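Shown here: input09.txt, compact mmCIF, C-alpha atoms and all ligand atoms.
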```txt
# COMPACT_ATOMS: atom_id res chain seq x y z
CA MET A 1 0.00 0.00 0.00
CA ARG A 2 1.08 3.58 -0.55
CA SER A 3 1.19 6.07 2.32
CA ILE A 4 2.33 9.63 3.00
CA VAL A 5 4.71 9.41 5.94
CA CYS A 6 5.89 12.06 8.40
CA ASN A 7 9.22 10.68 9.63
CA GLN A 8 9.96 13.64 11.89
CA PHE A 9 8.33 16.99 12.63
CA ALA A 10 9.56 19.09 9.74
CA PRO A 11 8.42 21.40 6.92
CA LEU A 12 5.62 20.00 4.76
CA SER A 13 8.02 19.42 1.87
CA GLU A 14 9.70 16.63 3.87
CA LEU A 15 6.64 14.40 3.77
CA VAL A 16 7.45 11.25 1.78
CA LEU A 17 5.42 8.75 -0.20
CA GLU A 18 6.28 5.21 0.92
CA GLU A 19 5.30 1.82 -0.40
CA LYS A 20 4.65 -0.55 2.52
CA PRO A 21 3.21 -4.04 3.07
CA SER A 22 -0.53 -3.98 3.72
CA PRO A 23 -1.36 -4.14 7.44
CA GLU A 24 -2.88 -7.37 8.81
CA LEU A 25 -6.52 -7.44 9.76
CA PHE A 26 -7.17 -7.64 13.51
CA PRO A 27 -10.22 -9.17 15.23
CA GLY A 28 -13.30 -7.06 14.54
CA SER A 29 -11.71 -5.14 11.64
CA VAL A 30 -12.27 -4.53 7.95
CA ARG A 31 -9.93 -3.46 5.17
CA ILE A 32 -10.89 -0.42 3.12
CA ALA A 33 -9.48 0.45 -0.31
CA VAL A 34 -9.38 4.22 0.16
CA THR A 35 -10.88 6.30 -2.64
CA ALA A 36 -10.68 9.71 -0.93
CA CYS A 37 -9.11 11.15 2.19
CA GLY A 38 -9.99 14.55 3.67
CA VAL A 39 -7.30 17.18 4.26
CA ASN A 40 -7.53 19.59 7.19
CA PHE A 41 -5.44 22.52 8.39
CA VAL A 42 -4.72 20.56 11.55
CA ASP A 43 -2.88 17.89 9.47
CA ALA A 44 -0.35 20.58 8.52
CA LEU A 45 0.05 21.50 12.19
CA PHE A 46 0.56 17.82 13.15
CA VAL A 47 3.25 17.29 10.49
CA GLN A 48 5.21 20.37 11.59
CA GLY A 49 4.92 19.59 15.30
CA LYS A 50 2.88 22.78 15.80
CA TYR A 51 -0.24 21.16 17.27
CA GLN A 52 -0.88 20.80 21.01
CA ILE A 53 -0.93 17.01 20.53
CA LYS A 54 2.26 15.53 19.05
CA PRO A 55 1.87 11.99 17.68
CA PRO A 56 4.92 9.71 17.95
CA THR A 57 6.88 9.70 14.67
CA PRO A 58 6.87 8.19 12.13
CA PHE A 59 3.16 8.55 11.46
CA VAL A 60 0.77 8.84 8.54
CA PRO A 61 -1.45 11.93 8.79
CA GLY A 62 -5.11 12.02 7.75
CA MET A 63 -8.24 11.60 9.81
CA GLU A 64 -11.18 11.02 7.44
CA VAL A 65 -11.35 8.31 4.79
CA VAL A 66 -13.89 6.96 2.33
CA GLY A 67 -13.55 3.75 0.36
CA ARG A 68 -14.90 0.28 -0.32
CA ILE A 69 -14.54 -2.72 1.95
CA THR A 70 -12.22 -5.29 0.39
CA GLU A 71 -11.66 -7.75 3.28
CA ILE A 72 -13.44 -8.62 6.53
CA ALA A 73 -12.05 -10.26 9.69
CA PRO A 74 -13.64 -13.69 10.30
CA ASP A 75 -15.49 -12.51 13.43
CA VAL A 76 -17.22 -9.61 11.62
CA THR A 77 -20.62 -10.68 10.37
CA ASP A 78 -22.72 -7.61 9.64
CA VAL A 79 -20.80 -5.93 6.79
CA GLN A 80 -20.25 -6.87 3.17
CA ILE A 81 -17.37 -6.71 0.73
CA GLY A 82 -17.83 -3.83 -1.70
CA THR A 83 -19.83 -1.58 0.64
CA ARG A 84 -18.91 2.11 0.37
CA VAL A 85 -18.06 3.43 3.82
CA PHE A 86 -16.68 6.38 5.74
CA ALA A 87 -14.29 5.95 8.67
CA ASN A 88 -12.87 8.37 11.20
CA VAL A 89 -9.36 6.91 11.55
CA GLY A 90 -7.73 9.61 13.71
CA LEU A 91 -4.37 9.19 11.95
CA GLY A 92 -3.30 7.07 8.98
CA GLY A 93 -5.75 8.35 6.39
CA PHE A 94 -3.25 9.52 3.75
CA SER A 95 -2.95 5.93 2.45
CA SER A 96 -4.31 3.74 -0.28
CA GLU A 97 -5.65 1.30 2.36
CA ALA A 98 -6.94 1.44 5.90
CA VAL A 99 -7.64 -1.34 8.39
CA VAL A 100 -10.20 -0.16 10.93
CA SER A 101 -12.55 -1.57 13.52
CA ALA A 102 -15.87 -2.43 11.91
CA LYS A 103 -17.48 -0.43 14.73
CA ARG A 104 -15.90 2.73 13.31
CA ILE A 105 -17.33 2.53 9.79
CA MET A 106 -20.50 4.16 8.50
CA LYS A 107 -22.39 3.35 5.33
CA LEU A 108 -22.80 6.38 3.10
CA PRO A 109 -25.94 7.80 1.54
CA GLU A 110 -25.89 7.65 -2.27
CA THR A 111 -26.42 11.40 -2.38
CA LEU A 112 -22.93 12.04 -1.01
CA SER A 113 -19.90 11.75 -3.33
CA ASP A 114 -16.69 10.13 -2.08
CA GLY A 115 -15.03 13.56 -1.91
CA GLN A 116 -17.85 15.17 0.07
CA ALA A 117 -18.00 12.22 2.45
CA ALA A 118 -14.25 12.34 3.08
CA THR A 119 -14.21 16.05 3.89
CA PHE A 120 -17.28 16.93 5.95
CA MET A 121 -16.64 15.32 9.33
CA GLN A 122 -14.15 17.58 11.06
CA SER A 123 -15.69 20.78 9.71
CA TYR A 124 -19.33 19.86 10.35
CA LEU A 125 -18.88 18.18 13.74
CA THR A 126 -16.80 21.12 14.99
CA ALA A 127 -19.54 23.49 13.84
CA TRP A 128 -22.34 21.37 15.30
CA PHE A 129 -20.50 20.90 18.59
CA ALA A 130 -19.73 24.64 18.79
CA LEU A 131 -23.16 25.98 17.87
CA VAL A 132 -25.41 23.36 19.47
CA GLU A 133 -23.50 21.92 22.42
CA ARG A 134 -21.37 24.89 23.45
CA ALA A 135 -23.27 28.01 22.38
CA HIS A 136 -26.86 26.65 22.59
CA VAL A 137 -27.76 28.99 19.74
CA GLU A 138 -31.25 30.39 19.28
CA ARG A 139 -32.91 30.77 15.87
CA ASP A 140 -32.95 34.11 14.03
CA LYS A 141 -29.88 35.44 15.85
CA HIS A 142 -26.85 36.74 13.95
CA LEU A 143 -23.80 34.55 13.47
CA LEU A 144 -20.57 36.05 12.09
CA VAL A 145 -18.22 33.40 10.67
CA LEU A 146 -14.57 34.25 9.99
CA GLY A 147 -12.55 32.16 7.50
CA ALA A 148 -15.97 31.33 6.06
CA GLY A 149 -14.85 30.18 2.58
CA SER A 150 -13.20 26.94 3.59
CA GLY A 151 -12.88 24.19 6.19
CA VAL A 152 -14.52 24.68 9.57
CA GLY A 153 -15.73 28.17 8.61
CA LEU A 154 -17.72 26.97 5.59
CA GLY A 155 -19.11 24.09 7.65
CA ALA A 156 -20.27 26.62 10.26
CA VAL A 157 -22.05 28.68 7.60
CA ASP A 158 -24.01 25.61 6.48
CA VAL A 159 -24.77 24.36 10.00
CA GLY A 160 -25.66 27.87 11.19
CA ARG A 161 -28.11 28.34 8.32
CA ALA A 162 -29.65 24.92 9.00
CA LEU A 163 -30.11 25.90 12.67
CA GLY A 164 -32.04 29.00 11.62
CA LEU A 165 -29.31 31.57 12.24
CA ARG A 166 -28.77 34.66 10.09
CA VAL A 167 -25.24 34.06 8.86
CA ILE A 168 -22.74 36.74 7.86
CA ALA A 169 -19.63 35.25 6.24
CA ALA A 170 -16.20 36.90 6.09
CA ALA A 171 -13.73 35.55 3.52
CA SER A 172 -10.86 36.87 1.45
CA THR A 173 -11.82 36.06 -2.14
CA GLU A 174 -14.93 36.24 -4.27
CA GLU A 175 -14.78 32.48 -4.86
CA LYS A 176 -14.79 31.81 -1.11
CA ARG A 177 -17.55 34.35 -0.46
CA ASN A 178 -19.67 32.79 -3.23
CA LEU A 179 -19.31 29.37 -1.61
CA ALA A 180 -20.55 30.86 1.67
CA LEU A 181 -23.50 32.50 -0.10
CA GLU A 182 -24.36 29.17 -1.75
CA ARG A 183 -24.40 27.55 1.71
CA GLY A 184 -26.91 30.12 2.94
CA ALA A 185 -25.07 33.16 4.27
CA PHE A 186 -27.36 36.17 3.83
CA ALA A 187 -24.43 38.58 3.56
CA VAL A 188 -20.68 38.47 3.04
CA ILE A 189 -17.76 40.66 4.05
CA ASP A 190 -14.41 40.93 2.28
CA SER A 191 -11.95 39.94 5.01
CA THR A 192 -9.06 41.64 3.21
CA LEU A 193 -10.51 44.91 4.52
CA SER A 194 -8.95 46.15 7.75
CA ALA A 195 -10.09 44.29 10.89
CA ASP A 196 -11.86 47.46 12.00
CA GLU A 197 -13.75 47.71 8.71
CA VAL A 198 -14.81 44.04 8.95
CA LYS A 199 -16.11 44.69 12.48
CA GLU A 200 -18.05 47.81 11.41
CA GLU A 201 -19.52 46.03 8.39
CA ALA A 202 -20.64 43.11 10.59
CA LYS A 203 -22.37 45.55 12.96
CA ARG A 204 -24.04 47.36 10.07
CA LEU A 205 -25.24 44.16 8.39
CA SER A 206 -26.69 42.74 11.61
CA GLY A 207 -28.34 45.99 12.62
CA SER A 208 -28.22 45.27 16.34
CA GLY A 209 -24.78 43.63 16.59
CA ILE A 210 -23.53 40.06 16.34
CA ASP A 211 -24.89 37.39 18.70
CA TYR A 212 -22.34 34.66 17.95
CA LEU A 213 -18.83 35.00 16.53
CA TYR A 214 -17.34 31.78 15.10
CA ASP A 215 -13.59 32.34 14.91
CA PRO A 216 -11.16 29.82 13.38
CA VAL A 217 -8.85 32.68 12.33
CA GLY A 218 -7.90 34.56 15.52
CA GLY A 219 -5.14 37.16 15.36
CA ASP A 220 -6.04 40.82 15.01
CA LEU A 221 -9.25 40.00 13.10
CA GLY A 222 -10.70 37.82 15.86
CA GLU A 223 -9.71 40.27 18.58
CA THR A 224 -11.27 43.22 16.74
CA CYS A 225 -14.49 41.39 15.78
CA LEU A 226 -15.13 40.58 19.45
CA ARG A 227 -16.14 44.25 19.60
CA ALA A 228 -19.00 43.59 17.15
CA LEU A 229 -20.76 41.36 19.71
CA THR A 230 -24.00 42.65 21.12
CA ASP A 231 -25.27 42.22 24.71
CA ASP A 232 -24.68 38.67 25.96
CA GLY A 233 -22.97 37.90 22.64
CA GLN A 234 -20.71 34.84 22.51
CA TYR A 235 -17.23 34.59 21.02
CA LEU A 236 -16.55 30.97 20.03
CA VAL A 237 -12.82 30.18 20.12
CA ILE A 238 -12.23 27.72 17.26
CA GLY A 239 -8.69 28.16 15.92
CA PHE A 240 -5.70 30.39 15.41
CA VAL A 241 -4.59 30.23 11.79
CA ALA A 242 -3.58 33.92 12.02
CA GLY A 243 -2.24 33.70 15.60
CA ILE A 244 -3.67 33.47 19.11
CA PRO A 245 -5.72 36.62 19.79
CA LYS A 246 -5.22 38.52 23.03
CA LEU A 247 -8.84 39.13 23.95
CA PRO A 248 -9.30 42.35 25.94
CA ALA A 249 -11.09 41.47 29.20
CA ASN A 250 -12.73 44.91 29.34
CA GLN A 251 -14.48 44.16 26.04
CA VAL A 252 -15.78 40.88 27.47
CA LEU A 253 -17.07 42.66 30.57
CA LEU A 254 -18.82 45.33 28.50
CA ARG A 255 -22.29 44.20 27.37
CA ASN A 256 -21.96 41.00 29.45
CA ARG A 257 -20.27 39.20 26.57
CA ARG A 258 -19.09 35.60 26.84
CA VAL A 259 -16.03 33.77 25.54
CA THR A 260 -16.58 30.05 24.93
CA GLY A 261 -13.83 27.52 24.25
CA VAL A 262 -14.51 24.86 21.61
CA ASP A 263 -12.30 21.75 21.60
CA TRP A 264 -14.28 19.28 19.55
CA GLY A 265 -11.40 16.77 19.23
CA GLY A 266 -10.73 16.74 22.99
CA TRP A 267 -14.43 16.39 23.78
CA ALA A 268 -14.91 13.63 21.18
CA GLY A 269 -12.01 11.67 22.68
CA LYS A 270 -13.61 11.80 26.13
CA ASN A 271 -17.17 11.25 24.86
CA PRO A 272 -16.95 8.77 21.96
CA GLY A 273 -20.57 7.65 22.35
CA LEU A 274 -21.92 11.20 22.26
CA ASN A 275 -19.66 12.02 19.33
CA ASP A 276 -20.89 8.97 17.39
CA ARG A 277 -24.46 10.12 18.05
CA MET A 278 -23.60 13.60 16.77
CA LEU A 279 -21.95 12.11 13.66
CA THR A 280 -25.05 10.01 12.97
CA GLN A 281 -27.31 13.06 13.42
CA VAL A 282 -25.21 15.20 11.07
CA MET A 283 -25.03 12.37 8.52
CA GLU A 284 -28.83 12.07 8.61
CA LEU A 285 -29.21 15.79 7.94
CA ILE A 286 -26.79 15.48 5.03
CA ALA A 287 -28.69 12.49 3.63
CA ALA A 288 -31.93 14.51 3.91
CA GLY A 289 -30.34 17.40 2.00
CA GLU A 290 -30.60 19.79 4.96
CA LEU A 291 -26.81 20.10 5.19
CA ARG A 292 -24.79 20.38 1.98
CA PRO A 293 -21.05 19.70 2.28
CA VAL A 294 -19.03 21.21 -0.53
CA GLU A 295 -17.61 19.09 -3.37
CA PRO A 296 -13.86 19.27 -2.65
CA GLN A 297 -10.97 20.01 -4.93
CA THR A 298 -8.89 16.86 -5.42
CA TYR A 299 -5.15 16.21 -5.44
CA PRO A 300 -3.41 12.87 -6.09
CA LEU A 301 -2.11 11.24 -2.88
CA GLU A 302 1.51 11.96 -3.82
CA GLN A 303 0.73 15.70 -3.78
CA ALA A 304 -0.24 15.69 -0.09
CA ALA A 305 2.49 18.20 0.82
CA GLN A 306 1.31 20.59 -1.91
CA ALA A 307 -2.30 20.22 -0.74
CA LEU A 308 -1.32 21.11 2.82
CA GLN A 309 0.81 24.01 1.60
CA ASP A 310 -2.08 25.38 -0.45
CA LEU A 311 -4.29 25.25 2.64
CA GLU A 312 -1.69 27.14 4.67
CA ASP A 313 -1.35 29.69 1.86
CA ARG A 314 -5.14 30.34 1.93
CA LYS A 315 -5.44 29.23 -1.69
CA VAL A 316 -8.22 26.71 -1.08
CA ALA A 317 -11.87 27.66 -1.46
CA GLY A 318 -13.92 24.86 0.09
CA LYS A 319 -12.09 21.64 0.97
CA ILE A 320 -9.42 19.29 -0.39
CA ALA A 321 -9.51 15.51 -0.75
CA LEU A 322 -6.50 13.35 -1.60
CA ILE A 323 -7.15 10.60 -4.12
CA PRO A 324 -4.85 7.56 -3.69
N1 LIG A 401 -11.67 24.02 17.96
C1 LIG A 401 -11.84 22.89 17.30
O1 LIG A 401 -12.43 21.92 17.81
C2 LIG A 401 -11.29 22.78 15.90
C3 LIG A 401 -11.66 21.73 15.06
C4 LIG A 401 -11.16 21.72 13.75
C5 LIG A 401 -10.28 22.69 13.33
N2 LIG A 401 -9.92 23.67 14.20
C6 LIG A 401 -8.99 24.73 13.80
O2 LIG A 401 -9.64 25.60 12.91
C7 LIG A 401 -8.64 26.27 12.14
C8 LIG A 401 -9.04 26.24 10.66
O3 LIG A 401 -8.95 24.93 10.18
P1 LIG A 401 -9.53 24.57 8.72
O4 LIG A 401 -9.28 23.13 8.51
O5 LIG A 401 -10.87 25.13 8.57
O6 LIG A 401 -8.52 25.44 7.81
P2 LIG A 401 -8.71 26.02 6.34
O7 LIG A 401 -9.66 25.17 5.56
O8 LIG A 401 -7.35 26.24 5.82
O9 LIG A 401 -9.43 27.44 6.57
C9 LIG A 401 -8.80 28.46 7.28
C10 LIG A 401 -9.22 29.80 6.70
O10 LIG A 401 -8.68 30.81 7.57
C11 LIG A 401 -8.45 31.98 6.83
N3 LIG A 401 -7.21 32.68 7.22
C12 LIG A 401 -7.16 33.94 7.69
N4 LIG A 401 -5.92 34.30 8.00
C13 LIG A 401 -5.15 33.25 7.73
C14 LIG A 401 -3.76 33.03 7.85
N5 LIG A 401 -2.92 33.94 8.33
N6 LIG A 401 -3.31 31.80 7.47
C15 LIG A 401 -4.13 30.88 6.98
N7 LIG A 401 -5.47 31.04 6.85
C16 LIG A 401 -5.96 32.22 7.23
C17 LIG A 401 -8.42 31.58 5.38
O11 LIG A 401 -9.57 32.21 4.83
P3 LIG A 401 -9.41 33.61 4.08
O12 LIG A 401 -8.28 33.47 3.12
O13 LIG A 401 -10.73 33.79 3.43
O14 LIG A 401 -9.14 34.61 5.14
C18 LIG A 401 -8.63 30.11 5.34
O15 LIG A 401 -9.49 29.77 4.27
C19 LIG A 401 -7.32 25.58 12.44
O16 LIG A 401 -6.62 26.35 13.38
C20 LIG A 401 -7.75 24.28 13.08
O17 LIG A 401 -6.76 23.77 13.94
C21 LIG A 401 -10.40 23.73 15.46
```

Step by step, read the file and then write its structure as structure tokens.
Ligand SMILES: NC(=O)c1ccc[n+]([C@@H]2O[C@H](COP(=O)([O-])OP(=O)(O)OC[C@H]3O[C@@H](n4cnc5c(N)ncnc54)[C@H](OP(=O)(O)O)[C@@H]3O)[C@@H](O)[C@H]2O)c1
Amino acid sequence: MRSIVCNQFAPLSELVLEEKPSPELFPGSVRIAVTACGVNFVDALFVQGKYQIKPPTPFVPGMEVVGRITEIAPDVTDVQIGTRVFANVGLGGFSSEAVVSAKRIMKLPETLSDGQAATFMQSYLTAWFALVERAHVERDKHLLVLGAGSGVGLGAVDVGRALGLRVIAAASTEEKRNLALERGAFAVIDSTLSADEVKEEAKRLSGSGIDYLYDPVGGDLGETCLRALTDDGQYLVIGFVAGIPKLPANQVLLRNRRVTGVDWGGWAGKNPGLNDRMLTQVMELIAAGELRPVEPQTYPLEQAAQALQDLEDRKVAGKIALIP
């Protein structure tokens, strides 16, 4: 099998494609011939040793895979060869094969392409966890999403719209803003404006101020947009692609604002049953057409480093899937 291997924490260009023997099945497992693997910003952080969790090296990055079952351990009785499935593998996804516990696979609705199925989980579960479990959002309120043209931001636009929120999406290019509009944002802001201008535009578009701020970007933009929150408004801390913002405590005190941490991965690790239930719920909404994950751009597996670099360089509108 072919895999993208991180031999030590290093620049993305040092990722290597290796040919390895296929792993053995273990009791309760199935083998999947991977047809698509989702790429996330966090994979780039893992590879460079910049994430708070550092996997032992060498490792194969990649969390979300889709493929067809090609082999089944003798003790597994309820799955069939050839079934198209999704699996959350944690690590190891950037490979042409995956051996996973049969308990971790999900059959896929026909309405979802391999690429969509391989790229929705992290973005949509983070958004669902943030908006439903952490923020307890109420319909018709205003949600401002930063980094809204890709990854977790675009997922939050779609989930927010499905939850009945009025979504304002900030993104840097017309292509990204159009994706957010297609997912149901009622207004967009060009995030290449100054942080202050983005904040003022968000206030103007909402009329009364922002109720929820979904921030995977951080840096100066996140810090400034906190000031667009209305009374009791919530700032949802999602990520720091532009740096960790230094939130001014006086601005949190004013208007009784709230700052809410969102660590979906940490929560999912401690609550696997609840996370599985959330995944099933989100998958059902996708199958019903109420959530609409974007069709990703695709790169061949051997271009994993380039795919991660393009994400870091903000070149990707939507999502990326690697095709082994
Ligand atoms: N809290 C959680 O549970 C959780 C879960 C998943 C991911 N995350 C985090 O969320 C963040 C985003 O992940 P993702 O997979 O959505 O990434 P992504 O697909 O690359 O999207 C990030 C977006 O941020 C924007 N951005 C603004 N300034 C940037 C900068 N200096 N560098 C790079 N991008 C910049 C870009 O949009 P524009 O070009 O339009 O500005 C880009 O499209 C990461 O920090 C990740 O670790 C957190």

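Using all atoms listed in the file, the protein and nucleic acid residues lying no more than 8 Å from range 83-90 of chain A, apart from those fewer than 3 places from it along its own chain, are Gly62, Met63, Glu64, Val65, Val66, Gly67, Arg68, Ile69, Val79, Gln80, Gly93, Val100, Arg104, Ile105, Met106, Lys107, Leu108, Ala117 and Ala118 of chain A.
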
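The shortest atom-to-atom distance to ligand LIG 401 (chain A), with all atoms listed in the file taken into account, belongs to A:Phe41 out of A:Tyr299, A:Phe41, A:Phe120, A:Tyr212.
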
May I have the protein, DNA and RNA residues with an atom at most 10 Å from (-8.4, 30.5, 15.2), counting all atoms listed in the file in the file's coordinates, returned as a ChimeraX atom specification?
/A:146-147,214-219,221-222,236-245

Please identify the residues whose atoms come within 8 Å of ligand LIG 401 (chain A), using all atoms listed in the file, and report them as a ChimeraX atom specification.
/A:39-42,45,51,122-123,126,130,146-154,170-173,176-177,191-192,216-219,237-243,261-266,311-319

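Nearest residue to Leu17 in chain A, choosing from A:Pro74, A:Gly233, A:Pro300, A:Gly115 and counting all atoms listed in the file: A:Pro300.
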
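Residues with any atom within 10 Å of range 268-270 of chain A, counting only C-alpha atoms and excluding same-chain neighbours fewer than 6 positions away, are Leu125, Thr126, Phe129, Asp276 and Met278 of chain A.
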
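Our summary of the geometry notes that CA of Pro23 in chain A is positioned 14.3 Å from CA of Phe94 in chain A.
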
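Proximity to Glu18 in chain A was assessed for A:Leu301, A:Leu279, A:Ala135, A:Ala307 counting only C-alpha atoms; the smallest distance is recorded for A:Leu301.
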
Show which residues sit within 10 Å of Asn256 in chain A, as a PyMOL selection string. Count only C-alpha atoms, and ignore same-chain residues fewer than 5 positions away.
chain A and resi 229-234+251

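If you measure from each of A:Val137, A:Met1, A:Ala228, A:Leu179 to Glu295 in chain A using all atoms listed in the file, the closest one turns out to be A:Leu179.
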
Around (2.3, 11.6, 0.8), as given in the file, which residues come within 8 Å? Count all atoms listed in the file and list them as an MDAnalysis selection string.
chainID A and resid 3:5 15:18 94:95 301:305
